[in-house]
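Right, one structure below, let's go through it.
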Amino acid sequence: MEQKPNIRWPRLGTKPHIKICGLRRLEDAVLAVDLGASFLGIILTSQSPRHLSLSDAEALTSGLRARFPDSKLRFIGVFVDEAPEEIAEAQHRLGLAAVQVHGPLPGGGIALAAVIPALRIRSQETANSIDNLPQDHPAVLCDAFHEGLHGGTGKTFDHELVAPYFEKRRVFVAGGINPDNIAGMVTSLCDAGSLPYAFDLSSGVEQAPGVKDHAKLRRFFENYNRSFGDLRAS
């Protein structure tokens, strides 16, 4: 049976949404929610050092829902080469809002409206491949290209390559985002005239893979929120 997405996607307001990815510990996820993260990323591929088993991911999502029973928690599962039936099972058991897929997109059992394709951007040509994605996909994630790695590289890419798509698609911008560069990213993108749907970060707020640094998380949100106040004041 095809899995239907269980999400109402928030609109883009004055600020892009924030997705904190690579969560493995309940205390890190709780802080991310408290600070204002709209999306919580759980890596369910064994190819990542931030990988969680399905049973551990179930404990994490259940614990967070118990902590925030009235909140609209949006979990996004991250996959690379997993079979469609594995992705469908994870989506069902974890109540995933969407699945983020690096590599070939899954076939039967997964609705297009639940799949976020992940693209590694290294040229205008790869950025333009967004045009080839069906509009049924809820969003697209754009990350930095790194040979042999699907994410978590800590590297940035030229955001101007994908900026033309910000008004057309829900674009998640990932790659090398951290507390020290987020304000500059916001300023440069605002100067260019558009902002993405969301910023996605993982390694930039870690002390080790899958272990979030709470001081960095707090500083990131402080700098991010302050950057919009500075823009209004300028």
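All residue names refer to the structure tokens as shown: chains lettered A, B, ... in order, residues numbered from 1 in each chain, ligands numbered from 1 in order.
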
Per residue of stretch 46-84 of chain A within 10 Å of stretch 97-107 of chain A, record the nearest atom pair and its distance in Å to one decimal, counting only C-alpha atoms, with rows in chain order and ascending residue number, as a tab-separated table.
```
residue	atom	partner	partner_atom	distance
A:Leu73	CA	A:Ala97	CA	8.5
A:Arg74	CA	A:Ala97	CA	5.4
A:Phe75	CA	A:Ala97	CA	5.5
A:Ile76	CA	A:Ala98	CA	5.0
A:Gly77	CA	A:Val99	CA	4.8
A:Val78	CA	A:Gln100	CA	4.7
A:Phe79	CA	A:Val101	CA	5.0
A:Val80	CA	A:His102	CA	4.7
A:Asp81	CA	A:Gly103	CA	6.7
A:Glu82	CA	A:Pro106	CA	8.4
A:Ala83	CA	A:Pro106	CA	7.2
A:Pro84	CA	A:Pro106	CA	5.3
```

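When the distance limit is 12 Å and only C-alpha atoms are what count, the residues near A:Phe68, minus those fewer than 5 positions from it on the same chain, are A:Leu26, A:Ala29, A:Val30, A:Leu31, A:Val33, A:Asp34, A:Thr61, A:Ser62, A:Gly63, A:Leu73, A:Arg74.
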
Per residue of stretch 118-144 of chain A within 7 Å of stretch 156-174 of chain A, note the shortest atom pair and the distance in Å to one decimal, counting only C-alpha atoms, and order the rows by chain and increasing residue number, as CSV.
```
residue,atom,partner,partner_atom,distance
A:Ile121,CA,A:Phe157,CA,6.9
A:Gln124,CA,A:Leu161,CA,5.7
A:Ala127,CA,A:Val162,CA,5.7
A:Pro138,CA,A:Arg170,CA,6.9
A:Ala139,CA,A:Arg170,CA,4.6
A:Val140,CA,A:Val171,CA,5.1
A:Leu141,CA,A:Phe172,CA,4.5
A:Cys142,CA,A:Val173,CA,5.2
A:Asp143,CA,A:Ala174,CA,4.7
A:Ala144,CA,A:Phe157,CA,5.1
```

Residues as selected, N, CA and C atoms, written as a PDB file, in the first residue's frame, can you do that?
```pdb
ATOM      1  N   ILE A 121      25.234  19.838  -5.409  1.00  0.00           N
ATOM      2  CA  ILE A 121      25.406  20.908  -6.389  1.00  0.00           C
ATOM      3  C   ILE A 121      26.884  21.244  -6.582  1.00  0.00           C
ATOM      4  N   GLN A 124      26.169  24.843 -12.524  1.00  0.00           N
ATOM      5  CA  GLN A 124      24.837  25.275 -12.927  1.00  0.00           C
ATOM      6  C   GLN A 124      24.065  24.134 -13.559  1.00  0.00           C
ATOM      7  N   ALA A 127      22.504  22.174 -10.811  1.00  0.00           N
ATOM      8  CA  ALA A 127      21.424  22.969 -10.236  1.00  0.00           C
ATOM      9  C   ALA A 127      20.190  22.926 -11.135  1.00  0.00           C
ATOM     10  N   PRO A 138       7.536  17.242  -2.519  1.00  0.00           N
ATOM     11  CA  PRO A 138       7.215  18.388  -1.674  1.00  0.00           C
ATOM     12  C   PRO A 138       8.327  19.424  -1.610  1.00  0.00           C
ATOM     13  N   ALA A 139       9.559  18.976  -1.810  1.00  0.00           N
ATOM     14  CA  ALA A 139      10.701  19.867  -1.668  1.00  0.00           C
ATOM     15  C   ALA A 139      11.910  19.219  -2.336  1.00  0.00           C
ATOM     16  N   VAL A 140      12.994  19.986  -2.407  1.00  0.00           N
ATOM     17  CA  VAL A 140      14.264  19.450  -2.882  1.00  0.00           C
ATOM     18  C   VAL A 140      15.359  19.954  -1.954  1.00  0.00           C
ATOM     19  N   LEU A 141      16.305  19.085  -1.629  1.00  0.00           N
ATOM     20  CA  LEU A 141      17.434  19.481  -0.791  1.00  0.00           C
ATOM     21  C   LEU A 141      18.663  19.654  -1.670  1.00  0.00           C
ATOM     22  N   CYS A 142      19.355  20.778  -1.512  1.00  0.00           N
ATOM     23  CA  CYS A 142      20.557  21.069  -2.274  1.00  0.00           C
ATOM     24  C   CYS A 142      21.740  21.143  -1.319  1.00  0.00           C
ATOM     25  N   ASP A 143      22.717  20.281  -1.546  1.00  0.00           N
ATOM     26  CA  ASP A 143      23.876  20.169  -0.673  1.00  0.00           C
ATOM     27  C   ASP A 143      25.137  20.352  -1.508  1.00  0.00           C
ATOM     28  N   ALA A 144      26.265  20.511  -0.843  1.00  0.00           N
ATOM     29  CA  ALA A 144      27.546  20.640  -1.532  1.00  0.00           C
ATOM     30  C   ALA A 144      27.991  19.289  -2.079  1.00  0.00           C
TER      31      ALA A 144
END
```

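Remark: for A:Cys190, the closest of the candidate residues A:Gly36, A:Pro16, A:Pro49, A:Pro69 is A:Pro16 (distances computed over only C-alpha atoms).
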
Which stretch 58-92 of chain A residues have any atom within 9 Å of an atom of stretch 110-115 of chain A, and for each, what is the nearest pair of atoms with distance in Å to one decimal, counting only C-alpha atoms, rows sorted by chain and number, as CSV?
```
residue,atom,partner,partner_atom,distance
A:Pro84,CA,A:Ile110,CA,7.0
A:Glu85,CA,A:Ile110,CA,8.5
A:Ile87,CA,A:Ile110,CA,7.8
A:Ala88,CA,A:Ile110,CA,6.2
A:Gln91,CA,A:Ile110,CA,8.9
```

Would you return as an NGL selection string the members of stretch 42-142 of chain A that DSSP assigns to helix (DSSP H, G or I) on this structure's backbone?
:A and (54-67 or 84-94 or 112-114 or 124-132)

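For the choices A:Glu206, A:Glu89, A:Asp191, A:Asp131, the atom-to-atom distance to A:Arg25 is smallest for A:Glu206 when using only C-alpha atoms.
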
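For stretch 33-120 of chain A, backbone-based DSSP assignment of strand (DSSP E or B) covers Phe39, Leu40, Gly41, Ile42, Ile43, Phe75, Ile76, Gly77, Val78, Phe79, Ala98, Val99, Gln100, Val101, His102, Ile110, Val115, Ile116, Pro117, Ala118, Leu119 and Arg120 of chain A.
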
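Using only C-alpha atoms, the smallest distance between any of A:Ser55, A:Ser38, A:Asn223, A:Ser194 and A:Ile177 comes from A:Asn223.
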
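One distance worth recording is that between atom CA of A:Glu222 and atom CA of A:Ile116, which is 27.9 Å.
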